[in-house]
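my_file-v9.tsv (TSV, C-alpha atoms) appears below.
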```tsv
chain	number	residue	atom	x	y	z
A	16	MET	CA	-17.85	9.49	-1.51
A	17	ASN	CA	-21.04	11.19	-0.37
A	18	LYS	CA	-23.63	8.85	-1.86
A	19	GLN	CA	-24.93	5.92	0.19
A	20	PRO	CA	-23.64	2.69	-1.42
A	21	GLN	CA	-26.24	0.20	-2.63
A	22	LEU	CA	-25.96	-3.55	-2.14
A	23	MET	CA	-24.59	-5.30	-5.22
A	24	ASP	CA	-24.54	-8.94	-4.21
A	25	MET	CA	-24.31	-11.81	-6.69
A	26	SER	CA	-28.09	-12.23	-6.81
A	27	ARG	CA	-28.53	-8.56	-7.70
A	28	MET	CA	-25.84	-8.86	-10.39
A	29	ARG	CA	-27.59	-11.87	-11.88
A	30	ASP	CA	-30.87	-9.96	-12.05
A	31	ILE	CA	-29.20	-6.99	-13.76
A	32	LEU	CA	-27.32	-9.12	-16.29
A	33	THR	CA	-30.07	-11.59	-17.18
A	34	PRO	CA	-31.71	-9.29	-19.78
A	35	HIS	CA	-28.34	-9.06	-21.54
A	36	LEU	CA	-27.48	-12.76	-21.60
A	37	ALA	CA	-27.88	-13.03	-25.37
A	38	GLN	CA	-25.05	-10.52	-25.69
A	39	ILE	CA	-22.74	-11.81	-22.95
A	40	SER	CA	-23.60	-15.50	-22.48
A	41	LYS	CA	-20.25	-16.63	-23.94
A	42	ASN	CA	-18.45	-14.82	-21.15
A	43	ILE	CA	-20.85	-14.95	-18.19
A	44	PHE	CA	-22.14	-17.83	-16.08
A	45	PHE	CA	-24.50	-17.85	-13.09
A	46	ASN	CA	-26.12	-20.55	-11.05
A	47	GLY	CA	-27.57	-20.45	-7.56
A	48	GLU	CA	-24.16	-20.47	-5.85
A	49	LEU	CA	-21.59	-18.65	-7.96
A	50	GLY	CA	-20.99	-16.42	-10.94
A	51	LEU	CA	-18.11	-16.40	-13.44
A	52	VAL	CA	-16.70	-13.79	-15.78
A	53	HIS	CA	-14.61	-15.34	-18.53
A	54	GLY	CA	-12.38	-12.85	-20.29
A	55	ASP	CA	-14.78	-9.93	-20.62
A	56	HIS	CA	-15.56	-6.58	-19.04
A	57	THR	CA	-19.03	-5.88	-20.44
A	58	VAL	CA	-20.44	-6.92	-17.08
A	59	PHE	CA	-18.65	-4.02	-15.39
A	60	ARG	CA	-19.92	-1.48	-17.90
A	61	LEU	CA	-23.47	-2.72	-17.38
A	62	LEU	CA	-23.06	-2.50	-13.62
A	63	MET	CA	-21.66	1.03	-13.82
A	64	ARG	CA	-25.04	2.10	-15.19
A	65	GLN	CA	-26.54	1.22	-11.81
A	66	LYS	CA	-25.18	4.38	-10.21
A	67	PRO	CA	-22.32	3.26	-7.94
A	68	PRO	CA	-20.92	3.11	-5.30
A	69	PHE	CA	-21.79	-0.47	-4.38
A	70	VAL	CA	-21.26	-2.57	-1.28
A	71	ILE	CA	-20.87	-6.34	-1.49
A	72	ASN	CA	-21.48	-9.15	0.99
A	73	ASP	CA	-19.57	-11.96	-0.72
A	74	HIS	CA	-16.14	-13.08	-1.93
A	75	ARG	CA	-14.87	-12.21	-5.41
A	76	LEU	CA	-11.54	-13.21	-6.93
A	77	GLY	CA	-10.36	-11.97	-10.31
A	78	ILE	CA	-7.46	-11.69	-12.72
A	79	ILE	CA	-6.73	-8.65	-14.88
A	80	THR	CA	-5.31	-10.26	-18.02
A	81	SER	CA	-5.15	-7.14	-20.21
A	82	GLY	CA	-5.91	-3.45	-20.09
A	83	GLU	CA	-6.34	-1.39	-16.94
A	84	ALA	CA	-9.02	-0.05	-14.64
A	85	TYR	CA	-9.42	2.62	-11.99
A	86	PHE	CA	-11.53	1.72	-8.98
A	87	ASN	CA	-12.13	3.08	-5.53
A	88	PHE	CA	-12.07	0.21	-3.04
A	89	ASN	CA	-13.02	1.04	0.55
A	90	LEU	CA	-12.43	4.78	-0.04
A	91	GLN	CA	-8.95	4.16	-1.50
A	92	ASP	CA	-8.19	4.83	-5.19
A	93	ARG	CA	-6.70	1.83	-6.96
A	94	HIS	CA	-5.16	1.50	-10.42
A	95	VAL	CA	-5.11	-2.14	-11.51
A	96	THR	CA	-3.32	-3.33	-14.61
A	97	ALA	CA	-2.67	-6.53	-16.53
A	98	GLY	CA	-0.92	-9.12	-14.39
A	99	THR	CA	-2.83	-8.30	-11.21
A	100	LEU	CA	-4.83	-10.64	-8.99
A	101	VAL	CA	-7.73	-8.84	-7.30
A	102	TYR	CA	-9.75	-9.83	-4.25
A	103	ILE	CA	-12.75	-7.98	-2.87
A	104	GLY	CA	-14.53	-9.37	0.17
A	105	PRO	CA	-17.62	-8.87	2.31
A	106	GLY	CA	-18.16	-5.28	3.38
A	107	THR	CA	-16.13	-3.80	0.52
A	108	ILE	CA	-17.39	-0.55	-0.95
A	109	ILE	CA	-16.68	-0.39	-4.69
A	110	ASN	CA	-16.80	2.60	-7.00
A	111	PRO	CA	-15.73	1.84	-10.60
A	112	ILE	CA	-14.20	4.99	-12.09
A	113	ARG	CA	-12.74	4.17	-15.50
A	114	LEU	CA	-12.17	1.02	-17.56
A	115	SER	CA	-9.91	0.81	-20.59
A	116	ASP	CA	-11.42	-0.50	-23.83
A	117	ASP	CA	-9.02	-3.46	-23.87
A	118	LEU	CA	-9.77	-4.53	-20.29
A	119	GLN	CA	-10.17	-8.29	-19.87
A	120	VAL	CA	-11.10	-9.92	-16.58
A	121	PHE	CA	-11.37	-13.54	-15.49
A	122	GLY	CA	-13.05	-13.97	-12.15
A	123	ILE	CA	-15.43	-15.72	-9.82
A	124	GLY	CA	-17.98	-14.43	-7.34
A	125	LEU	CA	-19.38	-16.63	-4.60
A	126	PHE	CA	-22.95	-16.13	-3.41
A	127	ALA	CA	-23.23	-15.37	0.30
A	128	ASP	CA	-24.52	-18.90	0.93
A	129	PHE	CA	-21.87	-20.63	-1.20
A	130	PRO	CA	-20.77	-23.82	0.64
A	131	MET	CA	-17.27	-22.75	1.61
A	132	PRO	CA	-14.85	-25.70	1.34
A	133	PHE	CA	-13.19	-25.08	4.70
A	134	ALA	CA	-13.84	-26.33	8.21
A	135	GLN	CA	-14.81	-23.73	10.79
A	136	GLY	CA	-11.79	-21.64	11.70
A	137	GLN	CA	-9.76	-23.00	8.76
A	138	MET	CA	-10.47	-20.26	6.20
A	139	PRO	CA	-7.19	-19.03	4.64
A	140	SER	CA	-6.05	-15.95	6.53
A	141	ALA	CA	-6.44	-13.59	3.56
A	142	PHE	CA	-10.19	-14.34	3.52
A	143	ASN	CA	-11.03	-14.57	7.23
A	144	GLY	CA	-12.56	-11.10	7.36
A	145	GLN	CA	-9.60	-9.07	8.61
A	146	ILE	CA	-8.80	-7.84	5.07
A	147	ARG	CA	-11.53	-6.41	2.87
A	148	ASP	CA	-9.61	-6.17	-0.39
A	149	PHE	CA	-6.18	-6.57	-1.93
A	150	GLN	CA	-4.53	-6.28	-5.32
A	151	LEU	CA	-1.44	-8.39	-6.10
A	152	PRO	CA	0.82	-7.65	-9.09
A	153	VAL	CA	2.33	-11.08	-9.75
A	154	GLY	CA	4.42	-12.92	-12.32
A	155	GLU	CA	3.27	-14.82	-15.38
A	156	SER	CA	3.53	-18.20	-13.67
A	157	ASP	CA	1.23	-17.17	-10.83
A	158	ILE	CA	-1.25	-15.63	-13.28
A	159	ASN	CA	-1.22	-18.85	-15.29
A	160	THR	CA	-1.91	-20.95	-12.19
A	161	ALA	CA	-4.94	-18.82	-11.26
A	162	SER	CA	-6.13	-18.83	-14.88
A	163	HIS	CA	-5.87	-22.62	-15.14
A	164	ILE	CA	-7.97	-23.07	-11.98
A	165	LEU	CA	-10.62	-20.61	-13.18
A	166	ASN	CA	-10.70	-22.20	-16.64
A	167	THR	CA	-11.23	-25.60	-15.04
A	168	ILE	CA	-14.10	-24.25	-12.94
A	169	TRP	CA	-15.59	-22.71	-16.10
A	170	HIS	CA	-15.37	-26.09	-17.85
A	171	VAL	CA	-16.87	-28.05	-14.94
A	172	VAL	CA	-19.89	-25.77	-14.46
A	173	HIS	CA	-20.73	-26.20	-18.16
A	174	THR	CA	-20.72	-30.00	-18.10
A	175	GLU	CA	-24.03	-31.86	-18.05
A	176	ASP	CA	-23.21	-33.67	-14.81
A	177	TYR	CA	-22.26	-30.56	-12.81
A	178	HIS	CA	-20.35	-31.87	-9.78
A	179	ARG	CA	-20.46	-29.45	-6.85
A	180	PRO	CA	-17.67	-31.09	-4.75
A	181	THR	CA	-15.27	-30.69	-7.69
A	182	VAL	CA	-16.15	-27.00	-7.98
A	183	THR	CA	-15.82	-26.33	-4.25
A	184	THR	CA	-12.43	-28.10	-4.24
A	185	LEU	CA	-11.26	-25.95	-7.14
A	186	VAL	CA	-12.50	-22.81	-5.35
A	187	ALA	CA	-10.47	-23.90	-2.31
A	188	ALA	CA	-7.38	-24.31	-4.53
A	189	LEU	CA	-7.89	-20.83	-5.99
A	190	MET	CA	-8.30	-19.25	-2.55
A	191	HIS	CA	-5.21	-21.04	-1.24
A	192	HIS	CA	-3.25	-19.76	-4.26
A	193	TYR	CA	-4.34	-16.17	-3.61
A	194	ASP	CA	-3.69	-16.56	0.13
A	195	HIS	CA	-0.17	-17.88	-0.46
A	196	LEU	CA	0.71	-14.98	-2.76
A	197	PHE	CA	-0.86	-12.44	-0.40
A	198	ARG	CA	1.13	-13.71	2.59
A	199	GLN	CA	4.29	-13.94	0.49
A	200	GLN	CA	4.02	-10.30	-0.56
A	201	SER	CA	3.09	-9.26	2.99
A	202	ASP	CA	6.25	-10.98	4.27
A	203	MET	CA	8.33	-9.18	1.63
A	204	HIS	CA	6.86	-5.84	2.68
A	205	ALA	CA	7.63	-6.67	6.31
A	206	VAL	CA	11.25	-7.41	5.39
A	207	SER	CA	11.41	-4.16	3.47
A	208	ARG	CA	10.01	-2.23	6.44
A	209	SER	CA	12.52	-3.96	8.71
A	210	ARG	CA	15.37	-2.90	6.42
A	211	GLU	CA	14.10	0.67	6.44
A	212	GLN	CA	14.00	0.68	10.22
A	213	THR	CA	17.55	-0.68	10.38
A	214	ILE	CA	18.78	2.07	8.06
A	215	PHE	CA	16.95	4.70	10.10
A	216	ASP	CA	18.43	3.45	13.39
A	217	ARG	CA	21.95	3.40	11.96
A	218	PHE	CA	21.45	6.88	10.48
A	219	ILE	CA	20.40	8.30	13.85
A	220	GLN	CA	23.44	6.72	15.51
A	221	LEU	CA	25.75	8.33	12.94
A	222	VAL	CA	24.02	11.71	13.25
A	223	THR	CA	24.36	11.60	17.04
A	224	LEU	CA	28.09	10.95	16.71
A	225	HIS	CA	29.00	13.17	13.79
A	226	SER	CA	26.48	16.00	13.37
A	227	THR	CA	28.92	18.59	14.74
A	228	GLU	CA	31.42	17.72	12.03
A	229	HIS	CA	29.21	16.73	9.11
A	230	HIS	CA	26.12	18.82	8.37
A	231	GLN	CA	25.14	17.38	4.97
A	232	ILE	CA	23.32	14.18	4.12
A	233	GLY	CA	25.99	13.13	1.63
A	234	TYR	CA	28.36	12.08	4.43
A	235	TYR	CA	25.77	9.80	6.02
A	236	ALA	CA	24.71	8.30	2.72
A	237	GLU	CA	28.33	7.46	1.96
A	238	ARG	CA	28.83	5.87	5.39
A	239	LEU	CA	25.73	3.75	4.83
A	240	CYS	CA	26.72	2.89	1.24
A	241	LEU	CA	23.49	4.39	-0.10
A	242	THR	CA	22.62	7.15	-2.52
A	243	GLU	CA	21.50	10.44	-1.01
A	244	ARG	CA	18.14	10.11	-2.73
A	245	TYR	CA	17.47	6.62	-1.39
A	246	LEU	CA	18.55	7.53	2.14
A	247	SER	CA	16.33	10.61	2.05
A	248	THR	CA	13.36	8.48	0.94
A	249	VAL	CA	13.93	5.85	3.61
A	250	ILE	CA	14.29	8.37	6.43
A	251	ARG	CA	11.12	10.20	5.41
A	252	GLN	CA	9.16	6.94	5.15
A	253	ALA	CA	10.47	5.65	8.47
A	254	SER	CA	10.02	8.84	10.48
A	255	GLY	CA	7.87	11.31	8.56
A	256	THR	CA	10.76	13.79	8.78
A	257	THR	CA	13.57	14.55	6.34
A	258	ALA	CA	17.13	13.40	6.92
A	259	LYS	CA	18.31	17.03	6.89
A	260	ASP	CA	15.83	17.87	9.64
A	261	TRP	CA	17.31	15.12	11.82
A	262	ILE	CA	20.83	16.44	11.21
A	263	ASP	CA	19.74	19.99	12.02
A	264	ARG	CA	17.96	18.87	15.19
A	265	ALA	CA	21.06	17.09	16.46
A	266	LEU	CA	23.35	19.99	15.55
A	267	ILE	CA	21.12	22.64	17.13
A	268	THR	CA	20.87	20.57	20.31
A	269	ARG	CA	24.67	20.40	20.56
A	270	ILE	CA	25.00	24.13	19.90
A	271	LYS	CA	22.42	24.96	22.60
A	272	ILE	CA	24.34	22.81	25.10
A	273	GLU	CA	27.53	24.75	24.33
A	274	LEU	CA	25.79	28.10	24.59
A	275	ARG	CA	24.00	27.24	27.82
A	276	HIS	CA	26.69	25.36	29.73
A	277	THR	CA	30.00	26.85	28.60
A	278	ASP	CA	31.59	30.28	28.35
A	279	LYS	CA	32.94	29.66	24.86
A	280	SER	CA	32.57	32.51	22.40
A	281	THR	CA	30.23	32.08	19.46
A	282	ALA	CA	33.26	32.21	17.18
A	283	GLN	CA	34.86	29.30	19.06
A	284	ILE	CA	31.65	27.27	18.97
A	285	ALA	CA	31.26	28.00	15.25
A	286	GLU	CA	34.77	26.70	14.61
A	287	GLU	CA	34.30	23.58	16.75
A	288	MET	CA	31.02	22.85	14.97
A	289	HIS	CA	32.73	23.15	11.59
A	290	PHE	CA	30.93	26.21	10.27
A	291	ALA	CA	32.69	28.26	7.61
A	292	ASN	CA	32.61	31.43	9.74
A	293	PRO	CA	30.79	32.96	12.74
A	294	SER	CA	28.40	34.90	10.50
A	295	PHE	CA	27.17	31.78	8.75
A	296	PHE	CA	26.90	30.04	12.13
A	297	ALA	CA	24.75	32.87	13.52
A	298	LYS	CA	22.45	32.90	10.47
A	299	TYR	CA	22.03	29.11	10.62
A	300	PHE	CA	21.16	29.19	14.32
A	301	LYS	CA	18.66	32.04	13.93
A	302	ARG	CA	16.97	30.39	10.94
A	303	LEU	CA	16.24	27.28	12.97
A	304	THR	CA	15.53	28.81	16.39
A	305	GLY	CA	14.38	32.37	15.72
A	306	LEU	CA	17.17	33.73	17.94
A	307	THR	CA	20.80	34.68	17.44
A	308	PRO	CA	23.28	32.61	19.48
A	309	MET	CA	23.81	35.51	21.88
A	310	GLU	CA	20.06	36.09	22.30
A	311	TYR	CA	19.63	32.43	23.15
A	312	ARG	CA	22.51	32.56	25.65
A	313	ASN	CA	21.21	35.72	27.29
A	314	ASN	CA	17.67	34.31	27.57
A	315	THR	CA	19.09	31.20	29.15
A	316	TYR	CA	20.92	33.20	31.77
A	317	LYS	CA	17.80	35.25	32.52
A	318	HIS	CA	15.79	32.14	33.24
A	319	SER	CA	18.44	30.18	35.09
```
Now, as a test, write the supplied structure out as structure tokens.
Amino acid sequence: MNKQPQLMDMSRMRDILTPHLAQISKNIFFNGELGLVHGDHTVFRLLMRQKPPFVINDHRLGIITSGEAYFNFNLQDRHVTAGTLVYIGPGTIINPIRLSDDLQVFGIGLFADFPMPFAQGQMPSAFNGQIRDFQLPVGESDINTASHILNTIWHVVHTEDYHRPTVTTLVAALMHHYDHLFRQQSDMHAVSRSREQTIFDRFIQLVTLHSTEHHQIGYYAERLCLTERYLSTVIRQASGTTAKDWIDRALITRIKIELRHTDKSTAQIAEEMHFANPSFFAKYFKRLTGLTPMEYRNNTYKHS
């Protein structure tokens, strides 16, 4: 993203959209403190004409109720689809890329001076500035809860006796709902990462014990009651290295110890390490070290 992002705060959005109110008034609302999008995406197409990327200085919470969109949030590509809650916060850089024709969005944007309904230091953790944006695929019940709150806000702001405390309380409820779901999914991801680490630790223990006998990942997957594919994925995610690489590392280390510290023949070592024959053993060792077993042994003696 080479272009300098321009500020697209709620005031700027209001100025851009005002000339189009006759077309979009049924789905757009603005006052001096907040803006609402009610089941429409025309606003985004109008904003895309303003030559993104944009940077914002406020809080925006939305629901994708149908269709899909491709955005770049904070230099990360994001594909959001129906059933997703979206938050973008102060400092976020936004670059809309593509919107489907059936995209529908319900959302609220709070002006920078919106009277936040929280005491100092009591802002829900998802909105306290540590996280600039998140997207939460959630179930129908959670979507319905967010939609009901937004619909109620939409109704209240259109009443003759607009009551600000009611609106700020509803905004607080919406933010608490998003915060709860964000922390819930974060906890689930933490549990998942913990499980991956447990699998990785157990895998390394098994490789340390059995690499001289079992050279293929299938043995370790069976011992861990996992498929080879899943184990391979977990090991790569946990360590950045393939499961086969870990097995090879352990096996080569054991072979080097035998070559360096014993007088066993390469044929004997090949048999003890469960290779089919000395030739295959020699080719395996050279492929991974660049030396034949005897070259490695001789070099070791020269430098001892």
What is the CA of Thr57 (chain A)-CA of Thr183 (chain A) distance in Å, reported with one decimal?
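CA of Thr183 (chain A) lies 26.3 Å from CA of Thr57 (chain A).
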Could you state the separation of CA of Tyr177 (chain A) and CA of Gly50 (chain A) in Å, given to one decimal place?
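Atom-to-atom, CA of Tyr177 (chain A) to CA of Gly50 (chain A), that is 14.3 Å.
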Pick from A:Ile31, A:Leu221, A:Leu114, A:Leu196: nearest to Asp55 (chain A), with all atoms listed in the file counted?
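Distance minimum relative to Asp55 (chain A) lands on A:Leu114.
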Residues near Arg147 (chain A), anyone? I mean within 12 Å using only C-alpha atoms, not counting same-chain ones fewer than 2 positions away, as a ChimeraX atom specification.
/A:70-76,88-91,101-109,140-145,149-150
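What separates CA of Ile164 (chain A) from CA of Asp148 (chain A) is a distance of 20.6 Å.
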Pick the closest to Asn110 (chain A) from A:Gln21, A:Gln199, A:Asn292, A:Thr184: which is it, counting only C-alpha atoms?
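Using only C-alpha atoms, Asn110 (chain A) sits closest to A:Gln21.
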Would you mind exporting region 38-126 of chain A with C-alpha atoms, as a CSV table (one decimal), in the first residue's frame?
```csv
chain,number,residue,atom,x,y,z
A,38,GLN,CA,-31.1,8.1,-2.7
A,39,ILE,CA,-29.9,6.5,0.6
A,40,SER,CA,-31.9,8.1,3.4
A,41,LYS,CA,-33.9,5.0,4.1
A,42,ASN,CA,-30.7,3.2,5.0
A,43,ILE,CA,-28.4,5.9,6.4
A,44,PHE,CA,-28.6,8.1,9.5
A,45,PHE,CA,-26.3,10.8,10.9
A,46,ASN,CA,-26.4,13.2,13.7
A,47,GLY,CA,-23.7,15.0,15.5
A,48,GLU,CA,-22.5,12.0,17.5
A,49,LEU,CA,-23.0,8.8,15.4
A,50,GLY,CA,-23.9,7.4,12.1
A,51,LEU,CA,-25.9,4.2,11.2
A,52,VAL,CA,-26.0,2.0,8.1
A,53,HIS,CA,-29.2,-0.1,8.0
A,54,GLY,CA,-29.0,-3.0,5.7
A,55,ASP,CA,-27.2,-1.3,2.7
A,56,HIS,CA,-23.8,-1.1,1.1
A,57,THR,CA,-24.3,1.9,-1.2
A,58,VAL,CA,-22.4,4.0,1.4
A,59,PHE,CA,-19.3,1.8,0.8
A,60,ARG,CA,-19.5,2.2,-3.0
A,61,LEU,CA,-19.7,5.9,-2.6
A,62,LEU,CA,-16.8,6.0,-0.3
A,63,MET,CA,-14.7,3.9,-2.6
A,64,ARG,CA,-14.9,6.7,-5.1
A,65,GLN,CA,-12.8,8.8,-2.7
A,66,LYS,CA,-9.6,7.0,-3.7
A,67,PRO,CA,-8.7,4.8,-0.7
A,68,PRO,CA,-6.9,3.8,1.5
A,69,PHE,CA,-8.5,5.6,4.4
A,70,VAL,CA,-7.5,5.9,8.1
A,71,ILE,CA,-10.2,6.3,10.8
A,72,ASN,CA,-10.1,7.9,14.3
A,73,ASP,CA,-13.3,6.4,15.7
A,74,HIS,CA,-15.1,3.2,16.6
A,75,ARG,CA,-17.2,1.3,14.1
A,76,LEU,CA,-19.1,-1.9,14.7
A,77,GLY,CA,-20.9,-3.8,11.9
A,78,ILE,CA,-22.7,-7.0,10.9
A,79,ILE,CA,-22.4,-8.6,7.5
A,80,THR,CA,-25.9,-10.1,7.0
A,81,SER,CA,-25.5,-11.2,3.4
A,82,GLY,CA,-23.0,-11.2,0.6
A,83,GLU,CA,-19.2,-10.8,1.0
A,84,ALA,CA,-16.5,-8.2,0.8
A,85,TYR,CA,-12.8,-8.1,0.4
A,86,PHE,CA,-11.0,-5.4,2.5
A,87,ASN,CA,-7.4,-4.7,3.5
A,88,PHE,CA,-7.4,-3.8,7.2
A,89,ASN,CA,-4.1,-2.6,8.7
A,90,LEU,CA,-2.2,-4.0,5.7
A,91,GLN,CA,-3.8,-7.5,6.1
A,92,ASP,CA,-6.2,-8.8,3.5
A,93,ARG,CA,-9.6,-9.9,4.9
A,94,HIS,CA,-12.5,-11.7,3.3
A,95,VAL,CA,-15.7,-11.2,5.3
A,96,THR,CA,-18.9,-13.0,4.6
A,97,ALA,CA,-22.4,-13.2,5.9
A,98,GLY,CA,-22.6,-14.1,9.6
A,99,THR,CA,-19.5,-12.0,10.5
A,100,LEU,CA,-19.3,-9.3,13.1
A,101,VAL,CA,-16.7,-6.6,12.2
A,102,TYR,CA,-15.0,-4.0,14.3
A,103,ILE,CA,-12.6,-1.3,13.1
A,104,GLY,CA,-11.1,1.1,15.6
A,105,PRO,CA,-9.1,4.2,15.9
A,106,GLY,CA,-5.9,4.1,13.8
A,107,THR,CA,-7.2,1.5,11.4
A,108,ILE,CA,-6.1,1.8,7.8
A,109,ILE,CA,-8.9,0.6,5.5
A,110,ASN,CA,-8.7,-0.3,1.8
A,111,PRO,CA,-11.9,-1.6,0.3
A,112,ILE,CA,-11.1,-4.0,-2.6
A,113,ARG,CA,-14.3,-5.7,-3.8
A,114,LEU,CA,-17.9,-5.8,-2.7
A,115,SER,CA,-20.4,-8.4,-3.9
A,116,ASP,CA,-23.7,-7.0,-5.4
A,117,ASP,CA,-25.7,-8.7,-2.6
A,118,LEU,CA,-23.7,-7.3,0.3
A,119,GLN,CA,-25.8,-6.0,3.2
A,120,VAL,CA,-24.3,-4.4,6.2
A,121,PHE,CA,-25.8,-3.2,9.5
A,122,GLY,CA,-23.5,-1.0,11.5
A,123,ILE,CA,-22.8,2.0,13.7
A,124,GLY,CA,-20.0,4.5,13.7
A,125,LEU,CA,-19.3,6.7,16.7
A,126,PHE,CA,-17.9,10.2,16.2
```
